[in-house]
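J.: Got a structure for you, my_file_0.tsv, holding TSV, C-alpha atoms and all ligand atoms.
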chain	number	residue	atom	x	y	z
A	416	MET	CA	70.23	-73.69	-21.69
A	417	HIS	CA	66.99	-74.99	-23.24
A	418	ARG	CA	65.09	-77.80	-21.61
A	419	THR	CA	63.48	-80.00	-24.22
A	420	PRO	CA	59.93	-81.04	-23.32
A	421	THR	CA	58.81	-84.51	-24.40
A	422	ALA	CA	56.66	-85.00	-27.50
A	423	ALA	CA	53.82	-85.93	-25.13
A	424	GLU	CA	54.13	-82.57	-23.33
A	425	ILE	CA	54.01	-80.66	-26.64
A	426	ASP	CA	50.98	-82.72	-27.72
A	427	ARG	CA	49.16	-82.08	-24.49
A	428	ALA	CA	49.88	-78.33	-24.69
A	429	ALA	CA	48.76	-78.18	-28.35
A	430	ASN	CA	45.52	-80.05	-27.57
A	431	LEU	CA	44.76	-77.74	-24.66
A	432	LEU	CA	45.34	-74.69	-26.88
A	433	ARG	CA	43.08	-76.03	-29.62
A	434	ALA	CA	40.40	-76.66	-26.98
A	435	GLY	CA	40.49	-73.04	-25.78
A	436	GLY	CA	42.90	-73.56	-22.88
A	437	LEU	CA	45.73	-71.40	-21.53
A	438	VAL	CA	49.32	-72.66	-21.70
A	439	ALA	CA	52.43	-70.91	-20.38
A	440	ILE	CA	55.03	-71.10	-23.14
A	441	PRO	CA	58.79	-70.55	-23.14
A	442	THR	CA	60.18	-67.99	-25.59
A	443	GLU	CA	63.68	-66.56	-25.92
A	444	THR	CA	62.53	-63.28	-24.24
A	445	VAL	CA	60.16	-64.13	-21.37
A	446	TYR	CA	57.50	-66.79	-20.74
A	447	GLY	CA	54.20	-66.08	-22.46
A	448	LEU	CA	50.64	-66.85	-21.35
A	449	GLY	CA	49.38	-68.37	-24.58
A	450	ALA	CA	45.95	-68.96	-26.08
A	451	ASN	CA	44.62	-69.59	-29.59
A	452	ALA	CA	44.69	-66.08	-31.10
A	453	LEU	CA	41.68	-66.92	-33.31
A	454	ASP	CA	39.50	-67.87	-30.31
A	455	ALA	CA	38.02	-64.75	-28.64
A	456	GLU	CA	36.81	-66.66	-25.57
A	457	ALA	CA	40.22	-68.20	-24.92
A	458	VAL	CA	41.84	-64.78	-25.30
A	459	ALA	CA	39.32	-63.30	-22.84
A	460	ARG	CA	40.70	-65.74	-20.25
A	461	ILE	CA	44.20	-64.29	-20.75
A	462	TYR	CA	42.95	-60.83	-19.74
A	463	ALA	CA	41.07	-62.29	-16.75
A	464	VAL	CA	44.02	-64.31	-15.45
A	465	LYS	CA	46.51	-61.49	-15.93
A	466	ARG	CA	44.03	-58.92	-14.54
A	467	ARG	CA	45.08	-56.90	-17.53
A	468	PRO	CA	43.00	-53.90	-18.66
A	469	PRO	CA	41.13	-54.64	-21.89
A	470	THR	CA	42.84	-51.56	-23.41
A	471	SER	CA	46.23	-53.25	-23.66
A	472	PRO	CA	46.83	-55.20	-26.92
A	473	LEU	CA	48.42	-58.67	-27.00
A	474	ILE	CA	51.25	-59.90	-29.22
A	475	VAL	CA	50.42	-62.73	-31.66
A	476	HIS	CA	53.09	-65.41	-32.15
A	477	VAL	CA	53.53	-67.22	-35.46
A	478	ASP	CA	55.73	-70.08	-36.66
A	479	SER	CA	56.31	-68.80	-40.20
A	480	ILE	CA	56.21	-65.75	-42.43
A	481	GLU	CA	53.26	-67.36	-44.27
A	482	MET	CA	51.26	-67.52	-41.02
A	483	ALA	CA	52.12	-63.86	-40.34
A	484	GLN	CA	51.02	-62.82	-43.82
A	485	SER	CA	47.70	-64.62	-43.38
A	486	LEU	CA	46.83	-62.37	-40.42
A	487	VAL	CA	47.58	-58.92	-41.86
A	488	ALA	CA	46.02	-56.70	-44.52
A	489	ALA	CA	49.41	-55.56	-45.80
A	490	TRP	CA	52.92	-56.98	-45.80
A	491	PRO	CA	55.12	-54.01	-46.74
A	492	GLU	CA	58.68	-54.30	-48.02
A	493	ASP	CA	60.02	-53.19	-44.60
A	494	ALA	CA	58.19	-56.09	-42.94
A	495	ALA	CA	59.70	-58.52	-45.43
A	496	LEU	CA	63.20	-57.14	-44.85
A	497	LEU	CA	62.88	-57.17	-41.06
A	498	ALA	CA	61.35	-60.65	-40.91
A	499	ARG	CA	64.10	-62.02	-43.16
A	500	LYS	CA	66.79	-60.47	-40.97
A	501	PHE	CA	65.40	-60.83	-37.42
A	502	TRP	CA	62.83	-63.68	-37.42
A	503	PRO	CA	62.72	-65.96	-35.64
A	504	GLY	CA	63.75	-63.48	-32.94
A	505	PRO	CA	62.81	-60.84	-30.36
A	506	LEU	CA	61.14	-58.38	-32.76
A	507	THR	CA	57.41	-57.61	-32.81
A	508	ILE	CA	56.11	-55.90	-35.95
A	509	VAL	CA	52.83	-53.94	-35.78
A	510	LEU	CA	50.77	-54.08	-39.00
A	511	PRO	CA	47.12	-53.61	-40.02
A	512	LYS	CA	45.18	-56.74	-39.06
A	513	THR	CA	42.57	-58.73	-40.96
A	514	SER	CA	39.24	-59.85	-39.48
A	515	ALA	CA	40.83	-63.26	-38.77
A	516	ILE	CA	42.12	-61.72	-35.52
A	517	PRO	CA	39.29	-61.03	-33.05
A	518	THR	CA	39.27	-57.43	-31.80
A	519	ILE	CA	39.76	-58.54	-28.17
A	520	VAL	CA	43.30	-59.63	-29.10
A	521	THR	CA	44.25	-56.11	-30.16
A	522	ALA	CA	42.20	-54.22	-27.54
A	523	GLY	CA	40.01	-52.88	-30.32
A	524	LEU	CA	42.91	-51.54	-32.39
A	525	PRO	CA	42.80	-52.16	-36.16
A	526	SER	CA	46.45	-53.32	-36.00
A	527	VAL	CA	48.22	-56.39	-34.62
A	528	GLY	CA	51.70	-56.98	-33.21
A	529	LEU	CA	53.26	-60.13	-34.70
A	530	ARG	CA	56.40	-62.01	-33.85
A	531	MET	CA	58.07	-65.34	-34.62
A	532	PRO	CA	59.84	-66.39	-31.41
A	533	ALA	CA	63.37	-67.85	-31.57
A	534	HIS	CA	62.68	-70.73	-29.22
A	535	PRO	CA	62.43	-74.27	-30.57
A	536	VAL	CA	59.74	-75.21	-28.05
A	537	ALA	CA	57.54	-72.21	-28.88
A	538	LEU	CA	57.89	-72.89	-32.61
A	539	ALA	CA	57.18	-76.62	-32.18
A	540	LEU	CA	54.09	-75.78	-30.12
A	541	ILE	CA	52.64	-73.30	-32.64
A	542	ARG	CA	53.28	-75.84	-35.39
A	543	ALA	CA	51.58	-78.63	-33.41
A	544	ALA	CA	48.61	-76.45	-32.47
A	545	GLY	CA	48.30	-75.21	-36.06
A	546	VAL	CA	47.10	-71.77	-34.92
A	547	PRO	CA	48.76	-68.46	-34.05
A	548	LEU	CA	49.13	-67.86	-30.29
A	549	ALA	CA	48.21	-64.65	-28.51
A	550	ALA	CA	50.62	-64.40	-25.59
A	551	PRO	CA	51.47	-61.56	-23.25
A	552	SER	CA	54.12	-62.14	-20.59
A	553	ALA	CA	52.93	-64.81	-18.14
A	554	ASN	CA	52.63	-62.63	-15.03
A	555	ARG	CA	49.89	-60.55	-13.40
A	556	PHE	CA	49.52	-57.06	-14.83
A	557	THR	CA	52.29	-54.65	-13.67
A	558	GLU	CA	54.30	-57.47	-12.02
A	559	LEU	CA	57.75	-58.66	-13.04
A	560	SER	CA	57.89	-60.74	-16.20
A	561	PRO	CA	58.81	-64.44	-15.76
A	562	THR	CA	62.03	-65.82	-17.24
A	563	THR	CA	61.72	-69.34	-15.80
A	564	ALA	CA	58.88	-71.86	-15.55
A	565	ASP	CA	59.21	-71.52	-11.78
A	566	HIS	CA	58.49	-67.76	-11.94
A	567	VAL	CA	55.29	-68.60	-13.83
A	568	ARG	CA	54.33	-71.25	-11.28
A	569	ARG	CA	54.76	-68.80	-8.41
A	570	SER	CA	52.70	-66.09	-10.13
A	571	LEU	CA	49.92	-67.90	-11.99
A	572	ASP	CA	49.76	-71.48	-10.71
A	573	GLY	CA	46.22	-72.77	-10.66
A	574	ASP	CA	45.09	-70.27	-13.26
A	575	VAL	CA	46.87	-71.84	-16.24
A	576	ASP	CA	46.00	-75.22	-17.69
A	577	PHE	CA	49.62	-76.22	-18.32
A	578	ILE	CA	53.11	-74.78	-17.94
A	579	LEU	CA	55.48	-75.93	-20.67
A	580	ASP	CA	58.98	-75.78	-19.16
A	581	GLY	CA	61.58	-74.93	-21.81
A	582	GLY	CA	64.30	-73.80	-19.41
A	583	PRO	CA	65.39	-70.24	-18.60
A	584	CYS	CA	64.87	-67.52	-21.25
A	585	ALA	CA	68.11	-66.52	-22.99
A	586	VAL	CA	67.27	-62.90	-23.88
A	587	GLY	CA	65.44	-62.15	-20.64
A	588	ILE	CA	63.60	-58.93	-21.57
A	589	GLU	CA	60.56	-58.46	-23.79
A	590	SER	CA	60.82	-58.09	-27.57
A	591	THR	CA	61.49	-54.84	-29.42
A	592	VAL	CA	58.13	-53.51	-30.73
A	593	LEU	CA	58.15	-51.59	-34.03
A	594	SER	CA	55.11	-50.10	-35.75
A	595	LEU	CA	54.99	-50.11	-39.56
A	596	LEU	CA	51.57	-48.42	-39.70
A	597	GLU	CA	52.92	-45.02	-40.75
A	598	PRO	CA	55.25	-44.25	-43.67
A	599	GLN	CA	57.99	-43.65	-41.08
A	600	PRO	CA	58.47	-46.68	-38.73
A	601	VAL	CA	58.03	-45.99	-35.00
A	602	LEU	CA	59.83	-47.75	-32.14
A	603	LEU	CA	57.14	-48.49	-29.53
A	604	ARG	CA	59.22	-50.52	-27.07
A	605	PRO	CA	63.03	-50.88	-27.02
A	606	GLY	CA	64.46	-54.39	-26.76
A	607	CYS	CA	67.61	-56.34	-27.44
A	608	ILE	CA	67.24	-55.70	-31.18
A	609	SER	CA	68.29	-52.06	-31.02
A	610	ARG	CA	67.16	-48.98	-32.90
A	611	HIS	CA	70.52	-49.10	-34.66
A	612	ASP	CA	70.00	-52.76	-35.71
A	613	LEU	CA	66.61	-51.84	-37.19
A	614	GLU	CA	67.87	-48.70	-38.94
A	615	SER	CA	70.65	-50.66	-40.58
A	616	VAL	CA	67.96	-52.71	-42.38
A	617	ILE	CA	65.13	-50.24	-43.09
A	618	GLY	CA	66.64	-46.78	-42.67
A	619	PRO	CA	65.55	-44.03	-40.27
A	620	ILE	CA	63.03	-44.77	-37.53
A	621	ASP	CA	60.89	-41.89	-36.30
A	622	ALA	CA	63.30	-39.88	-34.18
A	623	ALA	CA	60.44	-38.06	-32.48
A	624	SER	CA	59.05	-41.25	-31.03
A	625	ASN	CA	59.09	-41.57	-27.29
A	626	PRO	CA	59.45	-45.27	-26.47
A	627	THR	CA	57.84	-45.11	-23.04
A	628	ALA	CA	54.78	-43.24	-24.26
A	629	GLY	CA	54.64	-45.21	-27.50
A	630	ALA	CA	54.67	-48.55	-25.75
A	631	HIS	CA	51.24	-47.65	-24.41
A	632	PRO	CA	49.33	-46.68	-27.54
A	633	ALA	CA	46.04	-47.59	-25.91
A	634	PRO	CA	44.43	-45.51	-23.15
A	635	GLY	CA	44.53	-46.66	-19.55
A	636	MET	CA	48.12	-47.86	-19.47
A	637	HIS	CA	50.55	-46.79	-16.78
A	638	ALA	CA	54.28	-46.22	-16.72
A	639	ARG	CA	54.43	-48.68	-13.82
A	640	HIS	CA	55.14	-52.05	-15.37
A	641	TYR	CA	57.51	-54.94	-14.84
A	642	SER	CA	57.67	-54.01	-11.15
A	643	PRO	CA	58.75	-55.92	-8.06
A	644	ARG	CA	56.57	-55.57	-4.93
A	645	THR	CA	59.54	-54.14	-3.02
A	646	SER	CA	60.24	-50.40	-3.55
A	647	LEU	CA	62.89	-50.01	-6.19
A	648	PHE	CA	65.31	-47.10	-6.37
A	649	LEU	CA	67.63	-46.24	-9.24
A	650	ILE	CA	70.86	-44.68	-8.00
A	651	SER	CA	73.95	-43.49	-9.80
A	652	ASN	CA	76.31	-42.60	-6.96
A	653	GLY	CA	76.18	-45.72	-4.77
A	654	GLU	CA	74.19	-43.77	-2.12
A	655	LEU	CA	71.77	-46.25	-0.54
A	656	PRO	CA	68.45	-45.33	1.12
A	657	GLU	CA	69.14	-44.48	4.78
A	658	LYS	CA	66.28	-46.33	6.43
A	659	GLY	CA	65.17	-49.94	6.37
A	660	ARG	CA	66.75	-53.14	5.13
A	661	GLY	CA	67.62	-53.55	1.49
A	662	ILE	CA	69.66	-55.12	-1.24
A	663	TYR	CA	71.98	-53.55	-3.80
A	664	LEU	CA	72.15	-54.60	-7.46
A	665	GLN	CA	75.66	-53.51	-8.33
A	666	HIS	CA	76.75	-52.78	-11.89
A	667	THR	CA	80.07	-50.95	-11.48
A	668	ARG	CA	79.91	-48.69	-8.40
A	669	PRO	CA	80.45	-50.15	-4.94
A	670	PRO	CA	77.69	-49.38	-2.37
A	671	SER	CA	78.07	-46.40	-0.02
A	672	ARG	CA	77.91	-48.65	3.06
A	673	ARG	CA	79.60	-51.94	3.74
A	674	HIS	CA	77.77	-55.04	4.98
A	675	ILE	CA	74.89	-54.56	2.58
A	676	SER	CA	73.52	-57.56	0.65
A	677	THR	CA	74.78	-57.14	-2.87
A	678	ILE	CA	73.98	-58.88	-6.14
A	679	LYS	CA	76.67	-58.32	-8.76
A	680	MET	CA	75.08	-57.73	-12.17
A	681	PRO	CA	76.81	-58.67	-15.45
A	682	SER	CA	78.82	-55.83	-16.99
A	683	ALA	CA	77.74	-56.28	-20.65
A	684	SER	CA	74.24	-55.06	-21.58
A	685	ALA	CA	73.01	-58.30	-23.22
A	686	ASP	CA	74.07	-60.39	-20.20
A	687	TYR	CA	72.61	-57.79	-17.86
A	688	GLY	CA	69.28	-57.94	-19.72
A	689	ALA	CA	69.28	-61.74	-19.60
A	690	ALA	CA	69.80	-61.68	-15.81
A	691	LEU	CA	67.65	-58.65	-14.94
A	692	TYR	CA	64.24	-60.18	-14.16
A	693	SER	CA	65.59	-63.26	-12.41
A	694	LYS	CA	67.77	-61.05	-10.16
A	695	LEU	CA	64.81	-58.74	-9.47
A	696	HIS	CA	62.63	-61.77	-8.64
A	697	GLU	CA	65.39	-62.99	-6.29
A	698	ALA	CA	65.76	-59.57	-4.63
A	699	ASP	CA	61.96	-59.24	-4.32
A	700	GLU	CA	61.64	-62.63	-2.64
A	701	ALA	CA	63.97	-61.51	0.17
A	702	ASN	CA	61.03	-59.34	1.38
A	703	LEU	CA	63.16	-56.31	2.27
A	704	ASP	CA	62.23	-52.63	2.43
A	705	TRP	CA	64.00	-51.61	-0.74
A	706	ILE	CA	66.00	-52.70	-3.77
A	707	ALA	CA	68.62	-50.17	-4.92
A	708	VAL	CA	69.85	-50.51	-8.49
A	709	ASP	CA	73.19	-49.09	-9.61
A	710	LEU	CA	72.06	-47.51	-12.90
A	711	PRO	CA	74.00	-48.63	-16.00
A	712	PRO	CA	75.17	-45.95	-18.45
A	713	ASN	CA	72.69	-43.95	-20.52
A	714	THR	CA	74.02	-45.09	-23.90
A	715	PRO	CA	72.19	-46.67	-26.89
A	716	GLU	CA	73.22	-50.25	-26.06
A	717	TRP	CA	71.57	-49.87	-22.64
A	718	GLU	CA	68.28	-48.39	-23.98
A	719	ALA	CA	66.16	-51.51	-23.34
A	720	VAL	CA	67.59	-52.20	-19.87
A	721	GLN	CA	67.19	-48.53	-18.91
A	722	ASP	CA	63.56	-48.60	-20.10
A	723	ARG	CA	62.71	-51.68	-17.98
A	724	LEU	CA	64.52	-50.32	-14.92
A	725	ARG	CA	62.70	-46.98	-15.14
A	726	ARG	CA	59.34	-48.70	-15.42
A	727	ALA	CA	60.17	-51.07	-12.56
A	728	ALA	CA	60.98	-48.05	-10.38
A	729	SER	CA	57.90	-46.06	-11.40
A	730	ASN	CA	55.04	-45.55	-8.94
A	731	GLU	CA	52.62	-44.15	-11.51
B	1	LIG	O1	58.88	-60.66	-25.76
B	1	LIG	C1	57.67	-60.44	-25.81
B	1	LIG	O2	57.17	-59.61	-26.58
B	1	LIG	C2	56.77	-61.22	-24.85
B	1	LIG	C3	56.81	-62.71	-25.25
B	1	LIG	C4	55.83	-63.55	-24.48
B	1	LIG	O3	56.66	-62.83	-26.64
B	1	LIG	N1	55.43	-60.73	-24.88
B	1	LIG	C5	55.09	-59.53	-24.33
B	1	LIG	O4	53.76	-59.24	-24.44
B	1	LIG	O5	55.88	-58.79	-23.79
B	1	LIG	P1	53.04	-58.11	-23.61
B	1	LIG	O6	51.60	-58.35	-23.83
B	1	LIG	O7	53.47	-58.14	-22.19
B	1	LIG	O8	53.43	-56.77	-24.34
B	1	LIG	C6	52.64	-56.33	-25.44
B	1	LIG	C7	53.04	-54.95	-25.88
B	1	LIG	C8	51.96	-53.93	-25.59
B	1	LIG	O9	52.09	-53.34	-24.32
B	1	LIG	C9	52.20	-52.91	-26.68
B	1	LIG	O10	53.27	-52.08	-26.26
B	1	LIG	C10	52.70	-53.75	-27.84
B	1	LIG	O11	53.14	-54.95	-27.31
B	1	LIG	N2	51.63	-54.01	-28.82
B	1	LIG	C11	50.98	-55.17	-29.07
B	1	LIG	N3	50.07	-55.02	-30.04
B	1	LIG	C12	50.13	-53.74	-30.43
B	1	LIG	C13	49.42	-52.95	-31.40
B	1	LIG	N4	48.45	-53.45	-32.16
B	1	LIG	N5	49.76	-51.65	-31.49
B	1	LIG	C14	50.73	-51.13	-30.73
B	1	LIG	N6	51.43	-51.81	-29.80
B	1	LIG	C15	51.13	-53.09	-29.65
B	2	MG	MG	54.11	-57.87	-19.99
So that I can check it, write out the structure of this file as structure tokens.
T.:
Amino acid sequence: MHRTPTAAEIDRAANLLRAGGLVAIPTETVYGLGANALDAEAVARIYAVKRRPPTSPLIVHVDSIEMAQSLVAAWPEDAALLARKFWPGPLTIVLPKTSAIPTIVTAGLPSVGLRMPAHPVALALIRAAGVPLAAPSANRFTELSPTTADHVRRSLDGDVDFILDGGPCAVGIESTVLSLLEPQPVLLRPGCISRHDLESVIGPIDAASNPTAGAHPAPGMHARHYSPRTSLFLISNGELPEKGRGIYLQHTRPPSRRHISTIKMPSASADYGAALYSKLHEADEANLDWIAVDLPPNTPEWEAVQDRLRRAASNE
């Protein structure tokens, strides 16, 4: 699955990062647009290239628990338990930051989202650069996240200094984001590490939290996110839009009409999540009038996939 870059590629990427450059980096979730998290000017370029509003905080990637601890004002017991269990992995933990992290990284918030990615190339790169990396997904704001180096090339080519190709991303959707700022932890964005997985380690997570609202703690964010250019419809009865040409992403239900282009999606949620963005990219590139998605069940194991599908379909 992984492609292993040469030592020379890692060196070049690390040197660029230390010099204030932007490097697209593979992680197990999606490709990130990385810059030295301690360099405010380099981080400003991330916002410019992504055309991302300055009100949307970035995730900071570390290669060790020690590096994480050096960036936060507190390392509570829950953080220690979660990091031991889920790092390296697709979990971002939000904690109070120290002044080592420039405020542009966190969109002015006094907290920072930290994660140690479970990808050997990302870890090798952070180690070689010797600095934490601020990295949002390597796509323009509101567009589909990239899960291959080719997706990055098609979206950002020319605007990044180097694309480090580590092969396709195994998890395929963005990390789970959990805030530990309040006494009761809050799930800000669902991901492949589920609410249940988290609760089995640290106990109850704020039941009142609304993941979609919580994922946008800063003003100026929209529900529309992770979207293809083509109109996307979520359907649960196989009934396709009547007009125009389209494509059907089938989970279990067959389409209402025959002779419709169909992409069969994996039946298990983890496999579905891993395939989701690459299938949406593929459907989008067909330049049709619509993409109709056969909605998977509304059960806990599908929470992250449901969240991304609803945002992809949103026009807000
Ligand atoms: O899997 C991932 O998390 C990928 C890869 C590249 O690591 N990164 C990613 O970053 O998805 P991005 O920038 O597209 O998503 C960042 C989200 C924000 O929208 C927000 O929901 C949350 O992380 N976040 C980051 N810092 C936060 C903070 N200080 N407080 C609350 N939420 C924060
Ligand atoms: Mg993103």
J.: Please identify all polymer residues within 12 Å of Asn713 in chain A, counting only C-alpha atoms, omitting same-chain residues fewer than 4 positions from it, and present them as a list of chain:residue names.
T.: A:Ser651, A:Ser684, A:Trp717, A:Glu718, A:Ala719, A:Val720, A:Gln721, A:Asp722, A:Leu724, A:Arg725
J.: Around ligand LIG 1 (chain B), out to 7 Å and counting all atoms listed in the file, which residues are there? I want them as a VMD selection string.
T.: chain A and resid 442 444 to 448 471 to 474 505 507 509 521 524 526 to 528 532 550 to 552 588 to 590 592 594 603 to 604 630 to 632
J.: Find the spatial neighbours of Ile425 in chain A, counting only C-alpha atoms, within a cut-off of 8 Å - ignore same-chain residues fewer than 5 positions away - and output them as a PyMOL selection string.
T.: chain A and resi 420+539-540+543+579
J.: Using all atoms listed in the file, pick whichever of A:Cys584, A:Ile678, A:Ile706, A:Ala549 has the shortest atom-to-atom distance to Ser642 in chain A.
T.: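 Distance minimum relative to Ser642 in chain A lands on A:Ile706.
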J.: Which residues are close to Gly523 in chain A, i.e. within 9 Å by only C-alpha atoms, leaving aside same-chain residues fewer than 3 positions away? Reply as a PDB file with C-alpha atoms, in the coordinates of the input.
T.:
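Here's the written file out_0.pdb:
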ATOM      1  CA  PRO A 469      41.130 -54.640 -21.890  1.00  0.00           C
ATOM      2  CA  THR A 470      42.840 -51.560 -23.410  1.00  0.00           C
ATOM      3  CA  PRO A 472      46.830 -55.200 -26.920  1.00  0.00           C
ATOM      4  CA  PRO A 517      39.290 -61.030 -33.050  1.00  0.00           C
ATOM      5  CA  THR A 518      39.270 -57.430 -31.800  1.00  0.00           C
ATOM      6  CA  ILE A 519      39.760 -58.540 -28.170  1.00  0.00           C
ATOM      7  CA  VAL A 520      43.300 -59.630 -29.100  1.00  0.00           C
ATOM      8  CA  SER A 526      46.450 -53.320 -36.000  1.00  0.00           C
TER       9      SER A 526
END
J.: What's the 7 Å shell around Glu558 in chain A, counting all atoms listed in the file, without same-chain residues fewer than 3 positions away, as a list of chain:residue names?
T.: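 Answer for this query is A:Asn554, A:Arg555, A:His640, A:Tyr641, A:Ser642, A:Pro643.
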J.: Can you find the residues with an atom no farther than 10 Å from (68.3, -55.7, -29.7), counting only C-alpha atoms, and report them as a list of chain:residue names?
T.: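 Applying the cut-off with only C-alpha atoms, one gets A:Phe501, A:Gly504, A:Pro505, A:Leu506, A:Val586, A:Ile588, A:Ser590, A:Thr591, A:Pro605, A:Gly606, A:Cys607, A:Ile608, A:Ser609, A:Arg610, A:His611, A:Asp612, A:Leu613, A:Ala685, A:Glu716, A:Trp717, A:Glu718, A:Ala719.
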J.: As a short mmCIF file (atom, residue, chain, number, x, y, z; two decimals), in the frame of the given file, please: range 470-477 of chain A completed to all heavy atoms.
T.:
data_model
loop_
_atom_site.label_atom_id
_atom_site.label_comp_id
_atom_site.auth_asym_id
_atom_site.auth_seq_id
_atom_site.Cartn_x
_atom_site.Cartn_y
_atom_site.Cartn_z
N THR A 470 42.31 -52.58 -22.50
CA THR A 470 42.84 -51.56 -23.41
C THR A 470 44.28 -51.84 -23.81
O THR A 470 44.90 -51.03 -24.48
CB THR A 470 42.78 -50.18 -22.73
OG1 THR A 470 43.36 -50.31 -21.44
CG2 THR A 470 41.36 -49.70 -22.60
N SER A 471 44.83 -52.98 -23.40
CA SER A 471 46.23 -53.25 -23.66
C SER A 471 46.38 -54.43 -24.64
O SER A 471 46.05 -55.56 -24.30
CB SER A 471 46.90 -53.56 -22.32
OG SER A 471 48.25 -53.79 -22.50
N PRO A 472 46.82 -54.15 -25.89
CA PRO A 472 46.83 -55.20 -26.92
C PRO A 472 47.85 -56.31 -26.66
O PRO A 472 48.87 -56.09 -26.03
CB PRO A 472 47.20 -54.43 -28.19
CG PRO A 472 47.97 -53.23 -27.71
CD PRO A 472 47.38 -52.88 -26.38
N LEU A 473 47.54 -57.51 -27.17
CA LEU A 473 48.42 -58.67 -27.00
C LEU A 473 49.25 -58.91 -28.26
O LEU A 473 48.83 -58.57 -29.36
CB LEU A 473 47.58 -59.93 -26.76
CG LEU A 473 46.55 -59.87 -25.64
CD1 LEU A 473 45.81 -61.22 -25.55
CD2 LEU A 473 47.21 -59.55 -24.30
N ILE A 474 50.41 -59.53 -28.08
CA ILE A 474 51.25 -59.90 -29.22
C ILE A 474 50.83 -61.28 -29.73
O ILE A 474 50.52 -62.17 -28.94
CB ILE A 474 52.74 -59.90 -28.79
CG1 ILE A 474 53.18 -58.45 -28.53
CG2 ILE A 474 53.63 -60.56 -29.85
CD1 ILE A 474 54.55 -58.31 -27.89
N VAL A 475 50.79 -61.44 -31.05
CA VAL A 475 50.42 -62.73 -31.66
C VAL A 475 51.69 -63.40 -32.20
O VAL A 475 52.46 -62.80 -32.94
CB VAL A 475 49.38 -62.53 -32.77
CG1 VAL A 475 49.12 -63.84 -33.52
CG2 VAL A 475 48.07 -61.99 -32.17
N HIS A 476 51.88 -64.67 -31.80
CA HIS A 476 53.09 -65.41 -32.15
C HIS A 476 52.81 -66.38 -33.29
O HIS A 476 51.80 -67.10 -33.27
CB HIS A 476 53.60 -66.17 -30.92
CG HIS A 476 53.97 -65.25 -29.78
ND1 HIS A 476 53.01 -64.57 -29.05
CD2 HIS A 476 55.17 -64.88 -29.29
CE1 HIS A 476 53.63 -63.81 -28.14
NE2 HIS A 476 54.94 -63.98 -28.26
N VAL A 477 53.71 -66.39 -34.27
CA VAL A 477 53.53 -67.22 -35.46
C VAL A 477 54.76 -68.12 -35.63
O VAL A 477 55.81 -67.88 -35.02
CB VAL A 477 53.35 -66.34 -36.72
CG1 VAL A 477 52.08 -65.49 -36.61
CG2 VAL A 477 54.57 -65.44 -36.94
#
